[in-house]
>>> print(open('input.cif').read())   # mmCIF, N, CA and C atoms
data_data
#
loop_
_atom_site.label_atom_id
_atom_site.label_comp_id
_atom_site.auth_asym_id
_atom_site.auth_seq_id
_atom_site.Cartn_x
_atom_site.Cartn_y
_atom_site.Cartn_z
N MET A 895 0.83 -1.18 0.00
CA MET A 895 0.00 0.00 0.00
C MET A 895 0.88 1.24 0.00
N GLY A 896 0.35 2.32 0.42
CA GLY A 896 1.07 3.58 0.38
C GLY A 896 0.45 4.50 -0.65
N ARG A 897 1.23 5.49 -1.04
CA ARG A 897 0.77 6.43 -2.05
C ARG A 897 1.97 6.93 -2.83
N ARG A 898 1.70 7.50 -3.99
CA ARG A 898 2.79 8.04 -4.81
C ARG A 898 2.22 9.07 -5.76
N HIS A 899 3.07 9.94 -6.24
CA HIS A 899 2.68 10.92 -7.25
C HIS A 899 3.11 10.39 -8.61
N VAL A 900 2.17 10.32 -9.53
CA VAL A 900 2.46 9.86 -10.89
C VAL A 900 2.52 11.09 -11.79
N PRO A 901 3.69 11.34 -12.39
CA PRO A 901 3.78 12.49 -13.30
C PRO A 901 3.17 12.15 -14.66
N VAL A 902 2.45 13.10 -15.24
CA VAL A 902 1.92 12.93 -16.59
C VAL A 902 2.31 14.13 -17.44
N TRP A 903 2.54 13.87 -18.69
CA TRP A 903 2.90 14.88 -19.68
C TRP A 903 4.11 15.73 -19.25
N GLN A 904 5.12 15.06 -18.73
CA GLN A 904 6.33 15.75 -18.25
C GLN A 904 6.98 16.56 -19.37
N GLY A 905 7.47 17.73 -19.00
CA GLY A 905 8.18 18.60 -19.93
C GLY A 905 7.29 19.37 -20.87
N THR A 906 5.97 19.34 -20.62
CA THR A 906 5.05 20.10 -21.47
C THR A 906 4.32 21.14 -20.61
N THR A 907 3.58 22.00 -21.23
CA THR A 907 2.81 22.99 -20.48
C THR A 907 1.64 22.34 -19.75
N ASN A 908 1.31 21.10 -20.10
CA ASN A 908 0.22 20.36 -19.45
C ASN A 908 0.70 19.48 -18.30
N GLU A 909 1.98 19.55 -17.95
CA GLU A 909 2.55 18.66 -16.93
C GLU A 909 1.77 18.73 -15.62
N ARG A 910 1.50 17.54 -15.06
CA ARG A 910 0.80 17.44 -13.77
C ARG A 910 1.36 16.26 -13.00
N LYS A 911 1.07 16.25 -11.71
CA LYS A 911 1.36 15.09 -10.86
C LYS A 911 0.05 14.66 -10.23
N VAL A 912 -0.26 13.37 -10.33
CA VAL A 912 -1.50 12.83 -9.81
C VAL A 912 -1.19 11.94 -8.61
N LEU A 913 -1.86 12.17 -7.49
CA LEU A 913 -1.68 11.35 -6.30
C LEU A 913 -2.48 10.06 -6.47
N ILE A 914 -1.77 8.92 -6.38
CA ILE A 914 -2.37 7.60 -6.56
C ILE A 914 -2.07 6.76 -5.32
N LEU A 915 -3.06 6.02 -4.85
CA LEU A 915 -2.83 5.07 -3.76
C LEU A 915 -2.18 3.83 -4.32
N GLY A 916 -1.25 3.26 -3.55
CA GLY A 916 -0.55 2.06 -3.99
C GLY A 916 0.81 2.40 -4.56
N GLN A 917 1.63 1.39 -4.70
CA GLN A 917 3.00 1.58 -5.17
C GLN A 917 3.19 1.21 -6.63
N GLY A 918 2.12 1.02 -7.36
CA GLY A 918 2.22 0.64 -8.77
C GLY A 918 1.99 -0.85 -8.93
N GLY A 919 1.57 -1.24 -10.11
CA GLY A 919 1.28 -2.64 -10.34
C GLY A 919 -0.03 -3.04 -9.68
N GLY A 920 -0.22 -4.31 -9.52
CA GLY A 920 -1.45 -4.80 -8.91
C GLY A 920 -1.56 -6.29 -9.09
N ARG A 921 -2.69 -6.84 -8.75
CA ARG A 921 -2.94 -8.27 -8.94
C ARG A 921 -4.10 -8.45 -9.89
N LEU A 922 -3.95 -9.45 -10.72
CA LEU A 922 -5.04 -9.83 -11.58
C LEU A 922 -5.75 -10.98 -10.88
N ILE A 923 -7.01 -10.75 -10.52
CA ILE A 923 -7.76 -11.72 -9.72
C ILE A 923 -9.02 -12.11 -10.46
N GLU A 924 -9.28 -13.39 -10.53
CA GLU A 924 -10.52 -13.87 -11.12
C GLU A 924 -11.51 -14.10 -9.99
N GLU A 925 -12.70 -13.57 -10.14
CA GLU A 925 -13.72 -13.71 -9.10
C GLU A 925 -14.96 -14.33 -9.71
N ASP A 926 -15.51 -15.32 -9.02
CA ASP A 926 -16.78 -15.90 -9.41
C ASP A 926 -17.85 -15.13 -8.65
N MET A 927 -18.56 -14.26 -9.35
CA MET A 927 -19.54 -13.39 -8.71
C MET A 927 -20.68 -14.17 -8.06
N SER A 928 -20.99 -15.35 -8.57
CA SER A 928 -22.11 -16.10 -8.02
C SER A 928 -21.79 -16.72 -6.67
N THR A 929 -20.51 -17.06 -6.45
CA THR A 929 -20.14 -17.69 -5.17
C THR A 929 -19.32 -16.77 -4.28
N GLY A 930 -18.76 -15.70 -4.86
CA GLY A 930 -17.92 -14.81 -4.08
C GLY A 930 -16.52 -15.36 -3.85
N SER A 931 -16.17 -16.44 -4.55
CA SER A 931 -14.83 -17.02 -4.36
C SER A 931 -13.83 -16.34 -5.28
N TYR A 932 -12.62 -16.23 -4.79
CA TYR A 932 -11.54 -15.58 -5.52
C TYR A 932 -10.41 -16.57 -5.75
N LYS A 933 -9.70 -16.38 -6.84
CA LYS A 933 -8.44 -17.09 -7.01
C LYS A 933 -7.50 -16.19 -7.81
N THR A 934 -6.29 -16.03 -7.31
CA THR A 934 -5.32 -15.19 -7.99
C THR A 934 -4.77 -15.95 -9.18
N ILE A 935 -4.74 -15.30 -10.32
CA ILE A 935 -4.23 -15.93 -11.52
C ILE A 935 -2.80 -15.47 -11.80
N ILE A 936 -2.59 -14.19 -11.87
CA ILE A 936 -1.30 -13.64 -12.28
C ILE A 936 -0.98 -12.44 -11.41
N ILE A 937 0.27 -12.31 -11.00
CA ILE A 937 0.73 -11.10 -10.32
C ILE A 937 1.12 -10.11 -11.42
N MET A 938 0.54 -8.92 -11.38
CA MET A 938 0.69 -7.94 -12.44
C MET A 938 2.13 -7.64 -12.86
N PRO A 939 3.11 -7.54 -11.94
CA PRO A 939 4.46 -7.24 -12.41
C PRO A 939 4.99 -8.25 -13.43
N SER A 940 4.40 -9.44 -13.51
CA SER A 940 4.86 -10.41 -14.50
C SER A 940 4.23 -10.15 -15.87
N ILE A 941 3.30 -9.21 -15.95
CA ILE A 941 2.69 -8.83 -17.22
C ILE A 941 3.32 -7.52 -17.67
N PRO A 942 3.95 -7.49 -18.83
CA PRO A 942 4.53 -6.23 -19.30
C PRO A 942 3.44 -5.18 -19.51
N VAL A 943 3.74 -3.92 -19.18
CA VAL A 943 2.74 -2.86 -19.35
C VAL A 943 2.38 -2.67 -20.82
N THR A 944 3.17 -3.24 -21.72
CA THR A 944 2.87 -3.15 -23.14
C THR A 944 1.88 -4.24 -23.58
N ASP A 945 1.54 -5.16 -22.68
CA ASP A 945 0.60 -6.24 -23.00
C ASP A 945 -0.83 -5.74 -22.83
N SER A 946 -1.23 -4.86 -23.73
CA SER A 946 -2.56 -4.24 -23.64
C SER A 946 -3.67 -5.27 -23.77
N GLU A 947 -3.47 -6.31 -24.55
CA GLU A 947 -4.52 -7.33 -24.73
C GLU A 947 -4.91 -7.96 -23.40
N THR A 948 -3.94 -8.30 -22.57
CA THR A 948 -4.23 -8.90 -21.27
C THR A 948 -4.78 -7.86 -20.30
N ILE A 949 -4.11 -6.74 -20.18
CA ILE A 949 -4.49 -5.72 -19.21
C ILE A 949 -5.88 -5.15 -19.49
N ASP A 950 -6.17 -4.87 -20.74
CA ASP A 950 -7.41 -4.17 -21.09
C ASP A 950 -8.67 -5.02 -20.99
N LYS A 951 -8.53 -6.33 -20.89
CA LYS A 951 -9.75 -7.14 -20.79
C LYS A 951 -10.25 -7.31 -19.36
N TYR A 952 -9.57 -6.70 -18.40
CA TYR A 952 -9.98 -6.77 -16.99
C TYR A 952 -10.31 -5.39 -16.47
N GLU A 953 -11.21 -5.33 -15.49
CA GLU A 953 -11.61 -4.07 -14.87
C GLU A 953 -11.01 -3.96 -13.48
N LEU A 954 -10.81 -2.73 -13.02
CA LEU A 954 -10.42 -2.49 -11.64
C LEU A 954 -11.63 -2.71 -10.74
N THR A 955 -11.38 -2.93 -9.46
CA THR A 955 -12.50 -3.15 -8.53
C THR A 955 -12.87 -1.87 -7.80
N ASN A 956 -12.39 -0.73 -8.26
CA ASN A 956 -12.68 0.54 -7.62
C ASN A 956 -14.15 0.91 -7.72
N VAL A 957 -14.66 1.57 -6.71
CA VAL A 957 -15.99 2.16 -6.77
C VAL A 957 -15.82 3.51 -7.45
N ARG A 958 -16.57 3.73 -8.49
CA ARG A 958 -16.45 4.97 -9.26
C ARG A 958 -17.47 5.99 -8.77
N VAL A 959 -17.10 7.26 -8.86
CA VAL A 959 -18.00 8.34 -8.47
C VAL A 959 -18.41 9.12 -9.72
N TYR A 960 -19.47 9.90 -9.58
CA TYR A 960 -20.13 10.53 -10.72
C TYR A 960 -19.19 11.21 -11.71
N ALA A 961 -18.48 12.22 -11.30
CA ALA A 961 -17.73 13.01 -12.28
C ALA A 961 -16.65 12.17 -12.97
N GLU A 962 -15.92 11.39 -12.19
CA GLU A 962 -14.84 10.56 -12.75
C GLU A 962 -15.42 9.50 -13.68
N PHE A 963 -16.47 8.82 -13.24
CA PHE A 963 -17.06 7.76 -14.05
C PHE A 963 -17.70 8.31 -15.32
N ASN A 964 -18.36 9.44 -15.22
CA ASN A 964 -18.97 10.07 -16.38
C ASN A 964 -17.91 10.42 -17.43
N GLU A 965 -16.78 10.96 -16.98
CA GLU A 965 -15.70 11.31 -17.91
C GLU A 965 -15.10 10.05 -18.54
N ARG A 966 -14.99 8.99 -17.76
CA ARG A 966 -14.48 7.73 -18.32
C ARG A 966 -15.43 7.23 -19.41
N LEU A 967 -16.74 7.26 -19.16
CA LEU A 967 -17.70 6.83 -20.18
C LEU A 967 -17.59 7.68 -21.44
N TYR A 968 -17.40 8.99 -21.26
CA TYR A 968 -17.23 9.87 -22.42
C TYR A 968 -15.97 9.49 -23.21
N LEU A 969 -14.87 9.19 -22.49
CA LEU A 969 -13.64 8.79 -23.17
C LEU A 969 -13.81 7.47 -23.92
N CYS A 970 -14.56 6.55 -23.34
CA CYS A 970 -14.85 5.29 -24.04
C CYS A 970 -15.58 5.58 -25.35
N TYR A 971 -16.55 6.47 -25.29
CA TYR A 971 -17.30 6.88 -26.48
C TYR A 971 -16.36 7.54 -27.49
N LYS A 972 -15.55 8.47 -27.00
CA LYS A 972 -14.66 9.24 -27.88
C LYS A 972 -13.64 8.34 -28.58
N PHE A 973 -13.07 7.35 -27.86
CA PHE A 973 -12.07 6.46 -28.44
C PHE A 973 -12.69 5.26 -29.14
N GLY A 974 -13.99 5.04 -28.92
CA GLY A 974 -14.66 3.91 -29.56
C GLY A 974 -14.27 2.56 -29.00
N LYS A 975 -13.81 2.55 -27.76
CA LYS A 975 -13.41 1.31 -27.09
C LYS A 975 -13.41 1.55 -25.59
N ASN A 976 -13.28 0.47 -24.82
CA ASN A 976 -13.22 0.57 -23.36
C ASN A 976 -11.85 1.12 -22.96
N VAL A 977 -11.83 2.28 -22.31
CA VAL A 977 -10.59 2.84 -21.79
C VAL A 977 -10.77 3.09 -20.30
N ASP A 978 -9.67 3.03 -19.58
CA ASP A 978 -9.71 3.29 -18.14
C ASP A 978 -8.47 4.08 -17.74
N PRO A 979 -8.58 5.41 -17.70
CA PRO A 979 -7.43 6.23 -17.35
C PRO A 979 -6.84 5.89 -15.98
N LEU A 980 -7.68 5.50 -15.01
CA LEU A 980 -7.16 5.17 -13.69
C LEU A 980 -6.26 3.94 -13.76
N LYS A 981 -6.66 2.93 -14.52
CA LYS A 981 -5.83 1.74 -14.68
C LYS A 981 -4.50 2.12 -15.34
N ASP A 982 -4.56 2.99 -16.34
CA ASP A 982 -3.33 3.43 -17.01
C ASP A 982 -2.41 4.14 -16.02
N LEU A 983 -2.97 4.97 -15.16
CA LEU A 983 -2.15 5.65 -14.14
C LEU A 983 -1.55 4.66 -13.15
N LEU A 984 -2.36 3.73 -12.67
CA LEU A 984 -1.88 2.75 -11.69
C LEU A 984 -0.76 1.89 -12.24
N LEU A 985 -0.82 1.58 -13.52
CA LEU A 985 0.16 0.69 -14.14
C LEU A 985 1.26 1.44 -14.88
N ASP A 986 1.33 2.76 -14.68
CA ASP A 986 2.36 3.59 -15.30
C ASP A 986 2.38 3.48 -16.82
N ARG A 987 1.19 3.39 -17.40
CA ARG A 987 1.07 3.36 -18.85
C ARG A 987 1.00 4.80 -19.37
N PRO A 988 1.32 5.02 -20.64
CA PRO A 988 1.25 6.37 -21.21
C PRO A 988 -0.16 6.95 -21.12
N ILE A 989 -0.23 8.24 -20.82
CA ILE A 989 -1.50 8.93 -20.65
C ILE A 989 -1.70 9.89 -21.83
N PRO A 990 -2.70 9.63 -22.69
CA PRO A 990 -2.95 10.54 -23.81
C PRO A 990 -3.40 11.91 -23.31
N LEU A 991 -3.09 12.93 -24.07
CA LEU A 991 -3.49 14.29 -23.72
C LEU A 991 -5.02 14.43 -23.70
N GLU A 992 -5.72 13.54 -24.40
CA GLU A 992 -7.19 13.58 -24.40
C GLU A 992 -7.77 13.27 -23.02
N TYR A 993 -6.96 12.77 -22.10
CA TYR A 993 -7.40 12.47 -20.73
C TYR A 993 -7.31 13.69 -19.81
N THR A 994 -7.01 14.87 -20.36
CA THR A 994 -6.81 16.06 -19.53
C THR A 994 -7.96 16.31 -18.57
N GLU A 995 -9.18 16.30 -19.07
CA GLU A 995 -10.34 16.57 -18.20
C GLU A 995 -10.44 15.52 -17.10
N TYR A 996 -10.20 14.25 -17.44
CA TYR A 996 -10.23 13.17 -16.44
C TYR A 996 -9.17 13.43 -15.35
N ILE A 997 -7.96 13.76 -15.76
CA ILE A 997 -6.87 14.04 -14.80
C ILE A 997 -7.26 15.22 -13.91
N ASP A 998 -7.85 16.25 -14.49
CA ASP A 998 -8.29 17.41 -13.70
C ASP A 998 -9.35 17.00 -12.67
N ILE A 999 -10.26 16.13 -13.07
CA ILE A 999 -11.33 15.68 -12.15
C ILE A 999 -10.76 14.93 -10.96
N ILE A 1000 -9.87 13.99 -11.20
CA ILE A 1000 -9.37 13.18 -10.08
C ILE A 1000 -8.30 13.91 -9.27
N SER A 1001 -7.78 15.00 -9.81
CA SER A 1001 -6.74 15.75 -9.09
C SER A 1001 -7.29 16.87 -8.23
N SER A 1002 -8.56 17.20 -8.42
CA SER A 1002 -9.12 18.34 -7.67
C SER A 1002 -9.74 17.92 -6.38
#
>>> encode(input="input.cif", output="structure tokens")
Amino acid sequence: MGRRHVPVWQGTTNERKVLILGQGGGRLIEEDMSTGSYKTIIIMPSIPVTDSETIDKYELTNVRVYAEFNERLYLCYKFGKNVDPLKDLLLDRPIPLEYTEYIDIISS
């Protein structure tokens, strides 16, 4: 656990630091919603951050709030696919400049 500041858009006029809980990485956990049983499949550090196919087919277990979730849905619409800026931040993946409004929402 813990917390850290994740820099985005370094060296540009849009540069920001976002406070994120956790030390980076995470666990990929399969959950059977009908029984509530869990089993760990893969520890995230063993998955390269460039393995978008594996990472993008799973969701975070975070509870989303109105403004952040609404902006995420808009970004999904805008990109024409499921995107999750929070997952990208947690896993130190590149952050597109189109996420500016999302970053502003979670940073305020």
>>> resolve_selection(input="input.cif", expression="the PyMOL selection byres (((chain A and resi 977 and name CA) around 12) and name CA)", output="ChimeraX atom specification")
/A:946,949-954,963,965-976,978-983,989-990,992-993,996
>>> atom_distance(input="input.cif", atom1="atom CA of A:Ile997", atom2="atom C of A:Thr944")
22.1 Å
>>> atom_distance(input="input.cif", atom1="atom C of A:Gly896", atom2="atom CA of A:Asn908")
24.6 Å
>>> atom_distance(input="input.cif", atom1="atom CA of A:Arg898", atom2="atom N of A:Leu985")
11.4 Å
>>> axis_aligned_box(input="input.cif", around="stretch 898-910 of chain A", padding_each_side="5 Å", output="JSON")
{"center_x": 4.2, "center_y": 15.2, "center_z": -12.7, "size_x": 18.0, "size_y": 25.5, "size_z": 27.5}
>>> closest_residue(input="input.cif", among="A:Glu962, A:Asp945, A:Glu909, A:Asp986", to="A:Ile1000", atoms="only N, CA and C atoms")
A:Glu962
>>> resolve_selection(input="input.cif", expression="the PyMOL selection byres (((chain A and resi 913 and name CA) around 6) and name CA)", output="PyMOL selection string")
chain A and resi 898-899+912+914
>>> write_last_selection(input="input.cif", atoms="N, CA and C atoms", output="PDB file, in the coordinates of the input")
ATOM      1  N   ARG A 898       1.700   7.500  -3.990  1.00  0.00           N
ATOM      2  CA  ARG A 898       2.790   8.040  -4.810  1.00  0.00           C
ATOM      3  C   ARG A 898       2.220   9.070  -5.760  1.00  0.00           C
ATOM      4  N   HIS A 899       3.070   9.940  -6.240  1.00  0.00           N
ATOM      5  CA  HIS A 899       2.680  10.920  -7.250  1.00  0.00           C
ATOM      6  C   HIS A 899       3.110  10.390  -8.610  1.00  0.00           C
ATOM      7  N   VAL A 912      -0.260  13.370 -10.330  1.00  0.00           N
ATOM      8  CA  VAL A 912      -1.500  12.830  -9.810  1.00  0.00           C
ATOM      9  C   VAL A 912      -1.190  11.940  -8.610  1.00  0.00           C
ATOM     10  N   ILE A 914      -1.770   8.920  -6.380  1.00  0.00           N
ATOM     11  CA  ILE A 914      -2.370   7.600  -6.560  1.00  0.00           C
ATOM     12  C   ILE A 914      -2.070   6.760  -5.320  1.00  0.00           C
TER      13      ILE A 914
END
>>> closest_residue(input="input.cif", among="A:Asn956, A:Thr994, A:Thr948, A:Asn964", to="A:Trp903", atoms="only C-alpha atoms")
A:Thr994
